[in-house]
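**Student:** I'd like to ask some things about the structure below.
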Amino acid sequence: MKLYLSETWFRKFLEGEENACEYEGFYNEGESWVFLPLPGSRNASLRMIREGMKTEFSDSSSRVSAVVGTDGSLACFASRDGAIMEIDAELVSPSHDVYSRNHGLLETRCLQNKTVFIGGCGSVGSTVAAELAKAGIGRLVLVDPDRLTPPNICRHQAGLQHLGRLKVNAVKDLVLSINPFIEVETFSEDMCGTMEAIDKTTRIAETCDLLMCTTDTDNSRIFMNDLSLGSGKPSIHAGLHERASSGIVQSVFPGRGACFLCHREKILTEARKENGNLAYSVENSALVPIQPGISSQINAVAEVAVLKALEILTAIDSEEGKPSGFGENLTFIKTREKPDPGRDGHLTFSAAHFRLEASEKCAACGTNSSLKQAADPLLFS
Ligand SMILES: [Zn+2]
């Protein structure tokens, strides 16, 4: 059994004036103690005292004592079967230790000062949020008006203990359990439901580096495309087609290449041809942007969106000033083979990449569109 203690809490006590301090944490029955600033209900306590002070030991394994020496030494004790035992303790610095294995693979440091807006915190959005947290993102804005229901659980990153909670709150806790130092802002209204919500979302988007559209309503998808074009912020649109047999991840760089609406109808028509007439399909259901599917199909699409997001976020600070893979802005992901008529196809994975040019006829970004585009000066200077 091991005890993990926040290095920050330890240093604060060591350098402070107090002789004793109490911290709350988590006792994983018979396995470990964790004392870190994490969300969730705590079931353990740690009493930290200075060397030479007297303390009373509790009979409960969930109450632990730590003795701190003037030389910075740390000795932890717990009671077990009526006897006092010393526990192996390790200091943890989440902001540093958690990302130690990303070094050399990913510019974690440059992600620390980036903000990503995640519109839609369902199955795709929760995966995107958790993955960005693991990559080292500094700030997230989570937007979703819905609450978690039992059918959500088999595809959402949050478990049953979060039933009935706002998705933004469940995802916030998920993100903070990976790194408690990520700044998370939540907005639990329909982002385009009222003028006030539109104004607020527009203001929030201005503070972000990248907009991720992972919503399941057409209105919010179109709104987020407008938000991207209007603010000049790059955006990534991730969505699934009929029964999650395929999905797309589209990057929109305002002023460069296609926006989300430029070729939307054609993409949906092609997806429907590719997916065939599934046994359980409802007529025209390919036009519904988010469809039921199993978690691994949905996650395949979500993970491609995360890779694209990381590429854009790390490129913003690069000398070239734009992502190297800019040429391809649409990835079509297939997770099920085209079935024979009346049957389900096999599960699979394949991806094809395309470059979509802007359409002059596009209602959102074409020559007749009323929306003024602003190219992001950081990304395209
Ligand atoms: Zn367009």
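Chain labels follow the order of the structure tokens: the first chain is A, the next B, and so on; residue numbering restarts at 1 in every chain, and ligands are counted from 1 in their shown order.
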Using only C-alpha atoms and all ligand atoms, what are the residues with an atom within 9 Å of ligand 1, set out as a PyMOL selection string?

**Tutor:** chain A and resi 225+229+257-264+357-366+369

**Student:** I'd like the neighbourhood of Ala300 in chain A as a PyMOL selection string, where a residue qualifies if any of its atoms comes within 12 Å (using only C-alpha atoms), though same-chain residues fewer than 3 positions away should be ignored.

**Tutor:** chain A and resi 123-124+127-128+238-240+244-249+293-297+303-307+331-336+347-351

**Student:** Do you know which residues are at most 6 Å from range 146-152 of chain A counting only C-alpha atoms, after dropping those on the same chain fewer than 4 positions away, and could you put them as a PyMOL selection string?

**Tutor:** chain A and resi 156+163-167

**Student:** Write to file, as a short mmCIF file (atom, residue, chain, number, x, y, z; two decimals), in the first residue's frame, the residues of the selection just made, with N, CA and C atoms.

**Tutor:**
data_model
loop_
_atom_site.label_atom_id
_atom_site.label_comp_id
_atom_site.auth_asym_id
_atom_site.auth_seq_id
_atom_site.Cartn_x
_atom_site.Cartn_y
_atom_site.Cartn_z
N HIS A 156 -20.41 7.46 -23.07
CA HIS A 156 -19.86 8.69 -22.49
C HIS A 156 -18.66 8.34 -21.62
N LEU A 163 -24.97 10.18 -13.11
CA LEU A 163 -26.36 10.25 -13.61
C LEU A 163 -27.08 11.48 -13.07
N GLY A 164 -27.80 12.16 -13.96
CA GLY A 164 -28.60 13.31 -13.54
C GLY A 164 -27.81 14.61 -13.48
N ARG A 165 -26.52 14.53 -13.63
CA ARG A 165 -25.69 15.76 -13.57
C ARG A 165 -25.66 16.42 -14.96
N LEU A 166 -25.42 17.71 -14.96
CA LEU A 166 -25.18 18.39 -16.23
C LEU A 166 -23.93 17.77 -16.85
N LYS A 167 -23.97 17.53 -18.16
CA LYS A 167 -22.81 16.93 -18.82
C LYS A 167 -21.56 17.79 -18.63
#

**Student:** Which is closer to Leu74 in chain A than all the others in A:Ala352, A:Ala130, A:Ile316, A:Leu3, using only C-alpha atoms?

**Tutor:**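 For Leu74 in chain A, the nearest of the given residues is A:Leu3.
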
**Student:** Find the residues around Phe253 in chain A up to 7 Å (only C-alpha atoms counted), leave out those fewer than 3 positions away in its own chain, and share them as a list in words.

**Tutor:** Pro234, Ser235, Arg256 and Gly257 of chain A

**Student:** Keeping only all heavy atoms, write those residues as a CSV table (one decimal), in the first residue's frame.

**Tutor:**
chain,number,residue,atom,x,y,z
A,234,PRO,N,-9.9,29.0,-35.9
A,234,PRO,CA,-10.1,27.8,-36.6
A,234,PRO,C,-11.0,26.9,-35.8
A,234,PRO,O,-11.2,27.0,-34.6
A,234,PRO,CB,-8.7,27.2,-36.5
A,234,PRO,CG,-7.9,27.9,-35.5
A,234,PRO,CD,-8.6,29.2,-35.3
A,235,SER,N,-11.7,26.0,-36.5
A,235,SER,CA,-12.7,25.1,-35.8
A,235,SER,C,-12.5,23.7,-36.4
A,235,SER,O,-12.1,23.5,-37.5
A,235,SER,CB,-14.1,25.6,-35.9
A,235,SER,OG,-14.4,25.7,-37.3
A,256,ARG,N,-9.6,30.3,-45.6
A,256,ARG,CA,-8.8,29.3,-46.4
A,256,ARG,C,-9.6,28.0,-46.5
A,256,ARG,O,-9.8,27.4,-45.5
A,256,ARG,CB,-7.5,29.0,-45.6
A,256,ARG,CG,-6.6,30.2,-45.3
A,256,ARG,CD,-5.6,30.3,-46.5
A,256,ARG,NE,-4.6,31.3,-46.3
A,256,ARG,CZ,-3.4,31.1,-45.9
A,256,ARG,NH1,-3.0,29.8,-45.8
A,256,ARG,NH2,-2.5,32.0,-45.8
A,257,GLY,N,-9.9,27.6,-47.7
A,257,GLY,CA,-10.6,26.4,-47.9
A,257,GLY,C,-12.0,26.4,-47.5
A,257,GLY,O,-12.6,27.5,-47.1

**Student:** So that I can see what lies close to Thr215 in chain A, please list as a list in words the residues with an atom at most 10 Å from it, counting only C-alpha atoms and leaving out residues fewer than 3 positions away in the same chain.

**Tutor:**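 Within the cut-off, the hits are Ile118, Gly119, Gly120, Cys121, Gly122, Ser123, Val124, Gly125, Val143, Asp144, Met212, Asp218, Asn219, Ser220, Arg221, Met224, His237, Ala238, Gly239, Pro289 and Ile290 of chain A.
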